[in-house]
>>> print(open('upload_20.txt').read())   # compact mmCIF, C-alpha atoms
# COMPACT_ATOMS: atom_id res chain seq x y z
CA MET A 1 50.41 -74.11 3.26
CA PHE A 2 47.15 -72.36 4.09
CA TYR A 3 46.39 -71.98 0.40
CA GLU A 4 46.69 -75.74 -0.09
CA ASP A 5 44.36 -76.30 2.87
CA ALA A 6 41.84 -73.86 1.42
CA VAL A 7 41.96 -75.61 -1.97
CA ALA A 8 41.37 -78.99 -0.31
CA GLU A 9 38.43 -77.58 1.62
CA ARG A 10 36.86 -76.15 -1.52
CA GLU A 11 37.40 -79.47 -3.35
CA SER A 12 35.21 -81.15 -0.74
CA GLU A 13 32.49 -78.52 -1.29
CA PHE A 14 32.76 -78.54 -5.10
CA PRO A 15 33.70 -82.06 -6.33
CA MET A 16 34.38 -80.80 -9.85
CA LEU A 17 37.26 -78.64 -8.59
CA THR A 18 40.80 -79.96 -9.01
CA LYS A 19 44.04 -78.46 -7.78
CA SER A 20 45.10 -77.62 -11.31
CA ASP A 21 41.77 -75.86 -11.86
CA ALA A 22 42.32 -73.82 -8.72
CA THR A 23 45.50 -72.26 -10.06
CA THR A 24 44.25 -71.66 -13.60
CA ILE A 25 41.96 -68.82 -14.52
CA SER A 26 39.74 -69.54 -17.48
CA LYS A 27 38.60 -66.85 -19.88
CA PRO A 28 35.52 -65.18 -18.36
CA THR A 29 32.28 -64.80 -20.29
CA LEU A 30 29.27 -62.58 -19.77
CA THR A 31 27.09 -65.67 -19.32
CA THR A 32 29.14 -67.07 -16.42
CA PRO A 33 26.61 -68.23 -13.78
CA SER A 34 26.71 -66.94 -10.25
CA LYS A 35 29.08 -69.03 -8.13
CA PRO A 36 31.52 -68.50 -5.26
CA LEU A 37 35.04 -67.33 -5.94
CA ASN A 38 37.54 -67.66 -3.08
CA PHE A 39 40.60 -65.50 -2.50
CA VAL A 40 43.31 -66.30 0.05
CA TYR A 41 45.63 -63.67 1.49
CA ASN A 42 48.42 -64.32 4.00
CA TRP A 43 49.67 -61.58 6.33
CA VAL A 44 52.83 -62.19 8.36
CA ILE A 45 53.35 -59.94 11.40
CA THR A 46 56.60 -59.71 13.35
CA VAL A 47 56.08 -58.94 17.04
CA PRO A 48 58.09 -55.80 17.90
CA SER A 49 60.39 -55.47 20.88
CA LEU A 50 58.87 -54.59 24.23
CA ASP A 51 60.26 -51.02 24.19
CA GLN A 52 58.52 -50.23 20.89
CA ALA A 53 55.07 -48.63 20.91
CA ARG A 54 52.28 -50.91 19.71
CA MET A 55 51.09 -48.76 16.84
CA PRO A 56 48.13 -49.88 14.68
CA LEU A 57 49.24 -52.11 11.82
CA SER A 58 47.75 -52.05 8.34
CA THR A 59 48.21 -53.80 5.04
CA HIS A 60 46.29 -54.13 1.81
CA PHE A 61 45.67 -56.59 -1.00
CA SER A 62 43.56 -56.96 -4.13
CA THR A 63 41.09 -59.56 -5.34
CA THR A 64 41.45 -59.68 -9.12
CA TYR A 65 39.69 -61.95 -11.57
CA GLY A 66 38.15 -61.61 -15.03
CA LEU A 67 36.95 -58.03 -15.53
CA GLY A 68 37.15 -56.81 -11.95
CA SER A 69 39.63 -55.94 -9.25
CA THR A 70 38.71 -54.91 -5.71
CA ASP A 71 41.07 -53.36 -3.19
CA TRP A 72 40.93 -54.39 0.47
CA ASN A 73 42.46 -52.80 3.56
CA VAL A 74 43.37 -54.83 6.65
CA HIS A 75 43.88 -53.23 10.07
CA LEU A 76 45.12 -54.72 13.33
CA LYS A 77 43.63 -52.85 16.29
CA HIS A 78 44.43 -53.25 19.96
CA ARG A 79 43.17 -51.58 23.12
CA ALA A 80 46.71 -50.63 24.20
CA MET A 81 47.69 -49.20 20.84
CA VAL A 82 48.13 -45.53 20.12
CA ASN A 83 45.23 -44.05 18.09
CA SER A 84 43.27 -47.29 18.34
CA PHE A 85 39.70 -47.46 17.13
CA LEU A 86 37.27 -49.08 19.55
CA HIS A 87 33.64 -49.98 19.14
CA ARG A 88 31.64 -48.57 22.02
CA ASN A 89 28.76 -50.38 23.76
CA ARG A 90 29.72 -53.85 22.54
CA ALA A 91 27.03 -56.42 23.08
CA GLU A 92 29.70 -59.14 23.47
CA PRO A 93 32.93 -57.59 24.75
CA THR A 94 36.17 -59.50 24.22
CA SER A 95 38.74 -59.83 26.97
CA SER A 96 41.70 -59.21 24.68
CA GLY A 97 40.46 -56.03 23.02
CA SER A 98 42.37 -57.00 19.85
CA HIS A 99 40.72 -57.45 16.51
CA VAL A 100 41.41 -57.42 12.80
CA ILE A 101 39.27 -55.43 10.38
CA ILE A 102 39.04 -56.36 6.70
CA GLU A 103 37.23 -53.82 4.54
CA THR A 104 36.92 -52.79 0.94
CA ALA A 105 38.76 -49.66 -0.13
CA ARG A 106 36.85 -46.45 -0.65
CA SER A 107 36.44 -46.84 -4.42
CA ALA A 108 35.48 -50.54 -4.30
CA LYS A 109 32.08 -51.84 -5.36
CA MET A 110 31.29 -55.11 -3.57
CA LEU A 111 27.84 -55.74 -2.11
CA THR A 112 27.91 -59.30 -0.73
CA GLY A 113 30.55 -61.72 0.51
CA LYS A 114 31.85 -63.80 3.39
CA CYS A 115 35.18 -63.84 5.19
CA TRP A 116 37.07 -66.41 7.27
CA ILE A 117 40.17 -65.82 9.36
CA GLN A 118 42.75 -68.07 11.00
CA TYR A 119 46.10 -67.34 12.60
CA SER A 120 49.19 -69.26 13.67
CA ILE A 121 52.00 -68.26 16.01
CA PHE A 122 55.65 -69.16 15.35
CA SER A 123 58.53 -68.75 17.76
CA ASP A 124 61.36 -68.56 15.22
CA GLU A 125 62.34 -66.26 12.38
CA ASP A 126 61.94 -68.92 9.69
CA MET A 127 58.45 -69.88 10.90
CA GLY A 128 59.44 -73.49 11.37
CA VAL A 129 58.28 -73.90 14.97
CA ARG A 130 54.56 -73.39 15.36
CA THR A 131 53.46 -72.87 18.94
CA PHE A 132 49.76 -72.27 18.31
CA GLU A 133 47.17 -72.55 15.55
CA SER A 134 43.71 -71.10 15.94
CA ALA A 135 40.49 -72.50 14.61
CA LYS A 136 39.18 -71.13 11.36
CA MET A 137 36.41 -68.70 12.22
CA GLN A 138 33.99 -66.74 10.08
CA ALA A 139 34.52 -63.01 10.44
CA VAL A 140 31.57 -60.87 11.46
CA GLY A 141 30.10 -58.42 8.98
CA THR A 142 29.84 -54.91 10.42
CA GLU A 143 28.45 -51.61 9.25
CA THR A 144 30.53 -49.65 6.78
CA PHE A 145 30.54 -46.00 5.89
CA LEU A 146 30.58 -47.00 2.21
CA ASN A 147 27.30 -47.58 0.39
CA GLU A 148 28.75 -50.25 -1.91
CA GLY A 149 31.47 -51.80 0.23
CA LEU A 150 31.99 -54.58 2.78
CA ARG A 151 33.53 -54.61 6.23
CA PHE A 152 34.41 -57.61 8.40
CA ARG A 153 36.03 -58.01 11.81
CA THR A 154 37.31 -60.97 13.78
CA PRO A 155 34.70 -62.61 16.05
CA MET A 156 34.55 -61.30 19.60
CA THR A 157 33.33 -64.55 21.16
CA GLU A 158 35.13 -67.69 22.37
CA ASN A 159 38.29 -65.71 23.19
CA PHE A 160 39.31 -66.22 19.56
CA PHE A 161 41.99 -63.52 19.57
CA ASP A 162 43.34 -63.82 23.14
CA ARG A 163 46.46 -65.78 22.17
CA PHE A 164 47.13 -63.33 19.39
CA ALA A 165 46.91 -60.36 21.76
CA SER A 166 49.02 -62.00 24.43
CA THR A 167 51.75 -62.89 21.95
CA TYR A 168 51.80 -59.48 20.39
CA LYS A 169 52.19 -57.85 23.81
CA THR A 170 54.83 -60.10 25.36
CA LYS A 171 56.68 -62.18 22.72
CA PRO A 172 59.09 -59.95 20.74
CA GLY A 173 60.52 -61.61 17.65
CA TYR A 174 57.65 -64.08 17.30
CA LYS A 175 55.88 -64.37 13.95
CA ILE A 176 52.11 -64.31 13.62
CA HIS A 177 50.69 -65.62 10.37
CA VAL A 178 47.17 -64.37 9.65
CA ASN A 179 45.27 -66.24 6.96
CA ILE A 180 42.33 -64.38 5.41
CA GLU A 181 39.93 -66.08 3.00
CA LEU A 182 37.21 -64.17 1.18
CA CYS A 183 34.28 -65.85 -0.56
CA LEU A 184 32.88 -63.47 -3.17
CA ASP A 185 30.34 -63.88 -5.94
CA ILE A 186 31.96 -64.24 -9.34
CA LYS A 187 29.34 -61.94 -10.87
CA TYR A 188 31.09 -58.93 -9.35
CA PHE A 189 34.19 -59.81 -11.36
CA ILE A 190 32.39 -60.59 -14.63
CA LYS A 191 29.48 -58.13 -14.76
CA GLY A 192 30.03 -56.14 -11.59
CA TYR A 193 29.19 -52.86 -13.28
CA GLU A 194 25.59 -54.07 -13.67
CA SER A 195 25.17 -54.13 -9.88
CA THR A 196 26.42 -50.63 -9.10
CA THR A 197 23.95 -47.94 -8.15
CA ILE A 198 25.11 -45.65 -10.95
CA PHE A 199 23.41 -47.98 -13.44
CA LEU A 200 20.65 -49.55 -11.35
CA ASN A 201 19.19 -46.17 -10.40
CA ARG A 202 19.52 -44.65 -13.85
CA PHE A 203 18.20 -47.35 -16.13
CA MET A 204 16.98 -46.00 -19.48
CA LYS A 205 14.73 -47.64 -22.03
CA PRO A 206 16.03 -48.01 -25.59
CA PHE A 207 14.26 -46.40 -28.50
CA PRO A 208 11.07 -48.26 -29.51
CA VAL A 209 11.26 -50.56 -32.51
CA ASP A 210 8.52 -48.71 -34.41
CA VAL A 211 9.38 -45.09 -33.76
CA ASP A 212 6.95 -43.65 -36.31
CA SER A 213 3.88 -45.08 -34.56
CA HIS A 214 4.95 -44.48 -30.96
CA PHE A 215 3.16 -41.66 -29.15
CA LEU A 216 6.41 -40.25 -27.72
CA PHE A 217 7.64 -39.62 -31.25
CA SER A 218 4.58 -37.92 -32.68
CA PHE A 219 6.73 -34.79 -33.02
CA LEU A 220 8.39 -36.38 -36.05
CA LYS A 221 5.15 -35.80 -38.00
CA ASN A 222 4.04 -32.62 -36.24
CA HIS A 223 7.35 -30.85 -35.78
CA ASN A 224 7.83 -27.08 -35.56
CA PHE A 225 11.62 -26.90 -35.26
CA THR A 226 14.43 -28.14 -37.52
CA ILE A 227 18.12 -28.75 -36.91
CA ASN A 228 20.17 -28.66 -40.11
CA CYS A 229 23.09 -31.07 -39.63
CA ALA A 230 26.54 -31.00 -41.24
CA ASP A 231 25.78 -34.01 -43.46
CA GLY A 232 22.79 -32.27 -45.05
CA VAL A 233 20.18 -34.21 -43.09
CA GLN A 234 17.48 -32.44 -41.08
CA VAL A 235 16.53 -33.56 -37.57
CA TYR A 236 13.04 -32.52 -36.47
CA ALA A 237 11.91 -31.51 -32.99
CA ASP A 238 9.09 -30.05 -30.98
CA LYS A 239 10.15 -26.54 -29.99
CA ARG A 240 8.39 -26.53 -26.62
CA SER A 241 9.87 -29.90 -25.62
CA ILE A 242 13.49 -29.01 -26.31
CA TYR A 243 13.01 -25.63 -24.61
CA LEU A 244 11.84 -27.30 -21.40
CA THR A 245 14.44 -30.09 -21.36
CA SER A 246 17.61 -28.43 -22.65
CA ALA A 247 19.54 -25.53 -21.09
CA TYR A 248 21.23 -24.95 -24.44
CA PHE A 249 17.99 -24.20 -26.30
CA ARG A 250 16.45 -22.43 -23.32
CA ASN A 251 19.36 -19.99 -23.15
CA MET A 252 19.54 -19.44 -26.91
CA GLU A 253 18.96 -15.80 -27.85
CA ASP A 254 15.58 -15.13 -29.51
CA PHE A 255 14.77 -18.84 -29.44
CA ASP A 256 11.05 -18.08 -29.53
CA LYS A 257 11.51 -16.50 -32.97
CA LEU A 258 13.57 -19.33 -34.45
CA SER A 259 12.25 -22.21 -36.50
CA GLU A 260 15.60 -23.78 -37.43
CA ILE A 261 19.30 -23.75 -36.54
CA ASN A 262 22.50 -25.12 -38.07
CA THR A 263 25.03 -27.39 -36.36
CA HIS A 264 28.45 -28.73 -37.28
CA PHE A 265 27.50 -32.16 -35.91
CA THR A 266 26.19 -34.86 -38.22
CA SER A 267 22.65 -36.23 -37.97
CA ASP A 268 23.70 -39.59 -36.49
CA VAL A 269 25.11 -37.68 -33.51
CA VAL A 270 22.29 -35.16 -33.15
CA ARG A 271 19.31 -37.47 -33.62
CA PRO A 272 19.62 -39.72 -30.51
CA VAL A 273 20.21 -36.72 -28.23
CA ILE A 274 17.24 -34.77 -29.61
CA TRP A 275 15.05 -37.85 -29.41
CA TYR A 276 16.09 -38.26 -25.79
CA LEU A 277 14.84 -34.74 -25.03
CA HIS A 278 11.38 -35.80 -26.18
CA SER A 279 11.13 -39.39 -24.93
CA LEU A 280 13.72 -40.00 -22.16
CA CYS A 281 14.82 -43.00 -24.21
CA PHE A 282 18.39 -43.43 -25.34
CA GLU A 283 20.76 -46.00 -26.78
CA LEU A 284 23.99 -46.14 -28.74
CA PRO A 285 24.33 -48.25 -31.91
CA LYS A 286 25.87 -51.60 -31.06
CA ASP A 287 28.51 -51.26 -33.77
CA CYS A 288 29.41 -47.63 -33.06
CA THR A 289 33.03 -46.51 -32.96
CA LEU A 290 34.66 -44.71 -30.06
CA GLU A 291 35.04 -41.62 -32.19
CA TYR A 292 31.28 -41.58 -32.65
CA VAL A 293 30.79 -42.01 -28.90
CA ARG A 294 33.09 -39.08 -28.21
CA LYS A 295 31.09 -36.88 -30.59
CA VAL A 296 27.83 -37.87 -28.88
CA MET A 297 29.38 -37.08 -25.50
CA ARG A 298 30.44 -33.65 -26.69
CA TYR A 299 27.00 -32.93 -28.11
CA VAL A 300 25.36 -34.00 -24.85
CA GLU A 301 27.63 -31.55 -23.03
CA ILE A 302 26.58 -28.77 -25.39
CA VAL A 303 22.85 -29.49 -25.29
CA ASN A 304 23.00 -29.92 -21.49
CA PRO A 305 19.72 -31.84 -20.97
CA ALA A 306 17.87 -31.62 -17.68
CA ASN A 307 18.63 -35.26 -16.80
CA LYS A 308 22.16 -35.28 -18.13
CA LEU A 309 23.35 -37.82 -15.56
CA ASP A 310 20.91 -40.39 -16.94
CA ILE A 311 22.21 -40.15 -20.47
CA GLN A 312 25.80 -40.16 -19.23
CA ALA A 313 25.13 -43.36 -17.28
CA CYS A 314 23.61 -44.96 -20.38
CA ILE A 315 26.71 -44.14 -22.44
CA HIS A 316 28.94 -45.31 -19.61
CA ARG A 317 27.14 -48.65 -19.35
CA SER A 318 27.32 -49.16 -23.13
CA LEU A 319 31.08 -48.64 -23.04
CA CYS A 320 31.42 -51.09 -20.14
CA LEU A 321 29.59 -53.71 -22.18
CA LYS A 322 31.77 -52.92 -25.20
CA ALA A 323 34.91 -53.42 -23.13
CA ALA A 324 33.61 -56.66 -21.64
CA GLN A 325 32.85 -58.05 -25.10
CA ASN A 326 36.25 -57.08 -26.56
CA ILE A 327 38.86 -58.21 -24.02
CA ASP A 328 40.96 -59.60 -26.90
CA ASN A 329 41.14 -56.19 -28.59
CA TYR A 330 44.14 -54.54 -26.92
CA PRO A 331 44.10 -51.26 -28.95
CA LEU A 332 40.42 -50.76 -28.13
CA LEU A 333 41.05 -51.35 -24.41
CA VAL A 334 43.83 -48.76 -24.36
CA GLU A 335 41.58 -46.25 -26.11
CA LEU A 336 38.80 -46.94 -23.61
CA ALA A 337 41.27 -46.45 -20.74
CA GLU A 338 42.25 -43.08 -22.16
CA LEU A 339 38.60 -42.13 -22.55
CA SER A 340 37.61 -43.19 -19.04
CA ALA A 341 39.89 -40.82 -17.12
CA PRO A 342 38.62 -37.31 -17.99
CA SER A 343 35.05 -38.58 -18.26
CA ARG A 344 34.99 -39.90 -14.66
CA MET A 345 33.86 -43.32 -15.91
CA MET A 346 35.10 -45.31 -12.92
CA GLU A 347 33.38 -48.59 -13.78
CA LEU A 348 34.80 -48.48 -17.31
CA LYS A 349 38.27 -47.67 -16.02
CA GLN A 350 38.02 -50.57 -13.57
CA ILE A 351 37.23 -53.05 -16.36
CA VAL A 352 39.82 -51.97 -18.92
CA CYS A 353 42.63 -51.46 -16.40
CA THR A 354 42.00 -54.89 -14.88
CA VAL A 355 42.08 -56.62 -18.26
CA ILE A 356 45.20 -54.74 -19.39
CA ALA A 357 46.99 -55.51 -16.10
CA ASP A 358 46.03 -59.18 -16.29
CA ARG A 359 46.54 -59.89 -20.00
CA TYR A 360 48.63 -57.16 -21.61
CA TYR A 361 50.81 -55.62 -18.91
CA GLU A 362 54.20 -56.13 -20.59
CA ARG A 363 52.89 -54.92 -23.93
CA PHE A 364 51.34 -51.88 -22.29
CA LYS A 365 54.57 -50.95 -20.50
CA ASN A 366 56.51 -51.29 -23.75
CA ASP A 367 54.02 -49.13 -25.65
CA PHE A 368 53.69 -46.46 -22.95
CA PRO A 369 56.85 -46.43 -20.80
CA ASP A 370 56.05 -42.97 -19.45
CA GLY A 371 52.43 -43.89 -18.64
CA ASN A 372 50.96 -41.32 -21.06
CA ILE A 373 48.10 -42.97 -22.95
CA ASN A 374 46.56 -39.92 -24.66
CA VAL A 375 46.29 -41.84 -27.91
CA ILE A 376 43.53 -39.68 -29.41
CA ARG A 377 44.80 -36.34 -30.68
CA ASP A 378 42.01 -35.02 -32.86
CA ALA A 379 40.01 -33.37 -30.06
CA PRO A 380 40.53 -32.25 -26.47
CA VAL A 381 39.27 -34.65 -23.83
CA ASP A 382 38.80 -32.24 -20.94
CA ASP A 383 35.48 -30.94 -22.28
CA ILE A 384 33.68 -34.28 -22.08
CA PHE A 385 31.03 -34.50 -19.37
CA HIS A 386 33.27 -33.12 -16.59
CA GLY A 387 35.63 -30.32 -17.59
CA LEU A 388 38.09 -31.00 -14.76
CA PRO A 389 41.50 -32.68 -14.76
CA PHE A 390 41.53 -36.27 -13.58
CA ILE A 391 41.68 -36.58 -9.80
CA GLY A 392 43.29 -39.63 -8.21
CA GLN A 393 45.18 -42.40 -9.94
CA THR A 394 45.54 -42.20 -13.70
CA PRO A 395 44.69 -45.31 -15.74
CA SER A 396 48.40 -46.10 -16.06
CA GLU A 397 48.89 -45.88 -12.28
CA TRP A 398 45.81 -48.01 -11.72
CA ILE A 399 47.12 -50.67 -14.13
CA ASP A 400 50.42 -50.78 -12.21
CA ARG A 401 48.58 -51.07 -8.88
CA ILE A 402 46.33 -53.91 -10.08
CA TYR A 403 49.29 -55.76 -11.59
CA ARG A 404 51.30 -55.59 -8.38
CA GLY A 405 48.33 -56.35 -6.14
CA LYS A 406 47.22 -59.54 -7.87
CA PHE A 407 50.43 -61.35 -6.86
CA ARG A 408 49.58 -60.96 -3.18
CA THR A 409 46.42 -63.04 -3.39
CA ALA A 410 45.69 -66.61 -4.51
CA VAL A 411 42.38 -67.28 -6.24
CA ILE A 412 40.42 -70.54 -6.00
CA VAL A 413 38.01 -71.07 -8.89
CA PRO A 414 35.36 -73.79 -8.45
>>> encode(input="upload_20.txt", output="structure tokens")
Amino acid sequence: MFYEDAVAERESEFPMLTKSDATTISKPTLTTPSKPLNFVYNWVITVPSLDQARMPLSTHFSTTYGLGSTDWNVHLKHRAMVNSFLHRNRAEPTSSGSHVIIETARSAKMLTGKCWIQYSIFSDEDMGVRTFESAKMQAVGTETFLNEGLRFRTPMTENFFDRFASTYKTKPGYKIHVNIELCLDIKYFIKGYESTTIFLNRFMKPFPVDVDSHFLFSFLKNHNFTINCADGVQVYADKRSIYLTSAYFRNMEDFDKLSEINTHFTSDVVRPVIWYLHSLCFELPKDCTLEYVRKVMRYVEIVNPANKLDIQACIHRSLCLKAAQNIDNYPLLVELAELSAPSRMMELKQIVCTVIADRYYERFKNDFPDGNINVIRDAPVDDIFHGLPFIGQTPSEWIDRIYRGKFRTAVIVP
């Protein structure tokens, strides 16, 4: 009922929107312009009996669309509740003391958005007799402890929540239907990884078009150190530069006496990393395979450059773009999901798990009934970037969570 009302309201704001459009998700593209995307979540609360303690109530839901999925937590707080959380020194205190908080989960990345809330009170179990319906009010944005998250609470003015509080205190068996509508920018679900601080603060320039004439690459003509690669190709370097920028070369025994070393890596893996040590530029070939990426990641771990986080972020962003451009390639998405876990690539895991949950869930469960997606067997994965076991939800668990969560929310696409 509230979903239909929300669709009608959005139709008046966006004349091109039809009801059939609102229930159909089109294939997202990387060139999708910025526009609002509305999600509707309905929370039904049963008022407990008078002899039951009024404990804080919580629920959660997900906003899933395109390449992104964001988790939200909802909390009902009341002054008389046990362990209640109260804001001190309120500028506009409310007489009821009750409020609802809607906030992004800890791992969510959402920078801007708006929220509206409305509630209705029903006196019967089947919610057929409505005794009260509130106005639809915009929730107030509040400070959050998360750098890249959002937090809203019900307005404290106009006694908006008084009827809610009174019913919850004195009307056991009543039903309270809370309608939450979020208006979020579609860009966070199409290219959300571009807006996260991990990439914005660690942007790296690609290699110049004319490397031979660029001053940062003068070492190619005036080199004094050679790396003999496994494919027979030599990669040249400036000895002083790699000593200052790489812990691997700096800790090498008798490095000052060496003029060349041998490596079991091929030149296409070694060259971009060595060039990075001289220029702070880095990029992966657009048509590179995941096996090549894994080799580069291992070599970065060995060389251990001074600004390793920058080069890791560059590889991470490249893989996010690769996933976004290949949502029809199921085997590639599964391989990227397997790669994302031990490498702590959260943005990449978010993209591939969302797409798999939305487009390939049944196929994924048939292929991996036990949830084990270690599809690459030729090399260990725990030595890539972060040599620690994965902490938190595995990709398989995350796919299950996204799949279940998307059914709790309706999406309205203008």
>>> residues_around(input="upload_20.txt", residues="Met127 of chain A", least_positions_apart="4", cutoff="9 Å", atoms="all atoms listed in the file", output="VMD selection string")
chain A and resid 121 to 123 174 to 177
>>> closest_residue(input="upload_20.txt", among="A:Ile311, A:Leu290, A:Lys239, A:Leu348", to="Pro331 of chain A", atoms="all atoms listed in the file")
A:Leu290
>>> residues_around(input="upload_20.txt", residues="Pro395 of chain A", least_positions_apart="5", cutoff="9 Å", atoms="all atoms listed in the file", output="ChimeraX atom specification")
/A:337-338,340-341,349-350,352-353,371,373,400
>>> write_last_selection(input="upload_20.txt", atoms="C-alpha atoms", output="short mmCIF file (atom, residue, chain, number, x, y, z; two decimals), in the frame of the given file")
data_model
loop_
_atom_site.label_atom_id
_atom_site.label_comp_id
_atom_site.auth_asym_id
_atom_site.auth_seq_id
_atom_site.Cartn_x
_atom_site.Cartn_y
_atom_site.Cartn_z
CA ALA A 337 41.27 -46.45 -20.74
CA GLU A 338 42.25 -43.08 -22.16
CA SER A 340 37.61 -43.19 -19.04
CA ALA A 341 39.89 -40.82 -17.12
CA LYS A 349 38.27 -47.67 -16.02
CA GLN A 350 38.02 -50.57 -13.57
CA VAL A 352 39.82 -51.97 -18.92
CA CYS A 353 42.63 -51.46 -16.40
CA GLY A 371 52.43 -43.89 -18.64
CA ILE A 373 48.10 -42.97 -22.95
CA ASP A 400 50.42 -50.78 -12.21
#
>>> closest_residue(input="upload_20.txt", among="A:Thr226, A:Gln325, A:Gln234, A:Asn251", to="Lys191 of chain A", atoms="all atoms listed in the file")
A:Gln325
>>> closest_residue(input="upload_20.txt", among="A:Cys281, A:Val211, A:Val140, A:Cys288", to="Asp310 of chain A", atoms="only C-alpha atoms")
A:Cys281
>>> closest_residue(input="upload_20.txt", among="A:Asp231, A:Asp370, A:Asp210, A:Asp185", to="His264 of chain A", atoms="all atoms listed in the file")
A:Asp231
>>> atom_distance(input="upload_20.txt", atom1="atom CA of Phe160 of chain A", atom2="atom CA of Phe132 of chain A")
12.1 Å
>>> atom_distance(input="upload_20.txt", atom1="atom CA of Lys286 of chain A", atom2="atom CA of Thr394 of chain A")
27.9 Å
>>> atom_distance(input="upload_20.txt", atom1="atom CA of Arg151 of chain A", atom2="atom CA of Ile101 of chain A")
7.1 Å
>>> residues_around(input="upload_20.txt", residues="Gln312 of chain A", least_positions_apart="2", cutoff="12 Å", atoms="only C-alpha atoms", output="PyMOL selection string")
chain A and resi 198-199+202-204+273+276+282-284+293-294+296-301+304-310+314-319+343-345+384-386
>>> decode(input="upload_20.txt", residues="segment 306-311 of chain A", atoms="all heavy atoms", output="PDB file, in the first residue's frame")
ATOM      1  N   ALA A 306      57.690   1.673  -0.997  1.00  0.00           N
ATOM      2  CA  ALA A 306      57.411   2.568   0.128  1.00  0.00           C
ATOM      3  C   ALA A 306      55.933   2.975   0.169  1.00  0.00           C
ATOM      4  O   ALA A 306      55.348   3.084   1.240  1.00  0.00           O
ATOM      5  CB  ALA A 306      58.300   3.807   0.038  1.00  0.00           C
ATOM      6  N   ASN A 307      55.332   3.221  -0.969  1.00  0.00           N
ATOM      7  CA  ASN A 307      53.920   3.602  -1.040  1.00  0.00           C
ATOM      8  C   ASN A 307      53.089   2.442  -1.575  1.00  0.00           C
ATOM      9  O   ASN A 307      52.346   2.581  -2.550  1.00  0.00           O
ATOM     10  CB  ASN A 307      53.743   4.836  -1.930  1.00  0.00           C
ATOM     11  CG  ASN A 307      54.468   6.043  -1.385  1.00  0.00           C
ATOM     12  OD1 ASN A 307      54.505   6.257  -0.179  1.00  0.00           O
ATOM     13  ND2 ASN A 307      55.046   6.834  -2.268  1.00  0.00           N
ATOM     14  N   LYS A 308      53.204   1.305  -0.904  1.00  0.00           N
ATOM     15  CA  LYS A 308      52.542   0.104  -1.404  1.00  0.00           C
ATOM     16  C   LYS A 308      51.024   0.258  -1.456  1.00  0.00           C
ATOM     17  O   LYS A 308      50.360  -0.275  -2.351  1.00  0.00           O
ATOM     18  CB  LYS A 308      52.918  -1.100  -0.545  1.00  0.00           C
ATOM     19  CG  LYS A 308      52.363  -2.416  -1.061  1.00  0.00           C
ATOM     20  CD  LYS A 308      52.990  -3.616  -0.373  1.00  0.00           C
ATOM     21  CE  LYS A 308      52.622  -3.674   1.086  1.00  0.00           C
ATOM     22  NZ  LYS A 308      53.091  -4.934   1.706  1.00  0.00           N
ATOM     23  N   LEU A 309      50.450   0.997  -0.518  1.00  0.00           N
ATOM     24  CA  LEU A 309      49.000   1.169  -0.497  1.00  0.00           C
ATOM     25  C   LEU A 309      48.493   1.863  -1.756  1.00  0.00           C
ATOM     26  O   LEU A 309      47.384   1.601  -2.220  1.00  0.00           O
ATOM     27  CB  LEU A 309      48.575   1.955   0.740  1.00  0.00           C
ATOM     28  CG  LEU A 309      48.737   1.241   2.086  1.00  0.00           C
ATOM     29  CD1 LEU A 309      48.316   2.160   3.224  1.00  0.00           C
ATOM     30  CD2 LEU A 309      47.936  -0.052   2.120  1.00  0.00           C
ATOM     31  N   ASP A 310      49.298   2.753  -2.319  1.00  0.00           N
ATOM     32  CA  ASP A 310      48.889   3.451  -3.536  1.00  0.00           C
ATOM     33  C   ASP A 310      48.785   2.499  -4.712  1.00  0.00           C
ATOM     34  O   ASP A 310      47.816   2.543  -5.489  1.00  0.00           O
ATOM     35  CB  ASP A 310      49.874   4.574  -3.862  1.00  0.00           C
ATOM     36  CG  ASP A 310      49.822   5.709  -2.854  1.00  0.00           C
ATOM     37  OD1 ASP A 310      48.829   5.789  -2.126  1.00  0.00           O
ATOM     38  OD2 ASP A 310      50.777   6.494  -2.798  1.00  0.00           O
ATOM     39  N   ILE A 311      49.764   1.644  -4.860  1.00  0.00           N
ATOM     40  CA  ILE A 311      49.749   0.714  -5.988  1.00  0.00           C
ATOM     41  C   ILE A 311      48.677  -0.359  -5.785  1.00  0.00           C
ATOM     42  O   ILE A 311      48.046  -0.824  -6.734  1.00  0.00           O
ATOM     43  CB  ILE A 311      51.156   0.099  -6.192  1.00  0.00           C
ATOM     44  CG1 ILE A 311      51.252  -0.558  -7.571  1.00  0.00           C
ATOM     45  CG2 ILE A 311      51.508  -0.903  -5.115  1.00  0.00           C
ATOM     46  CD1 ILE A 311      52.662  -0.988  -7.922  1.00  0.00           C
TER      47      ILE A 311
END
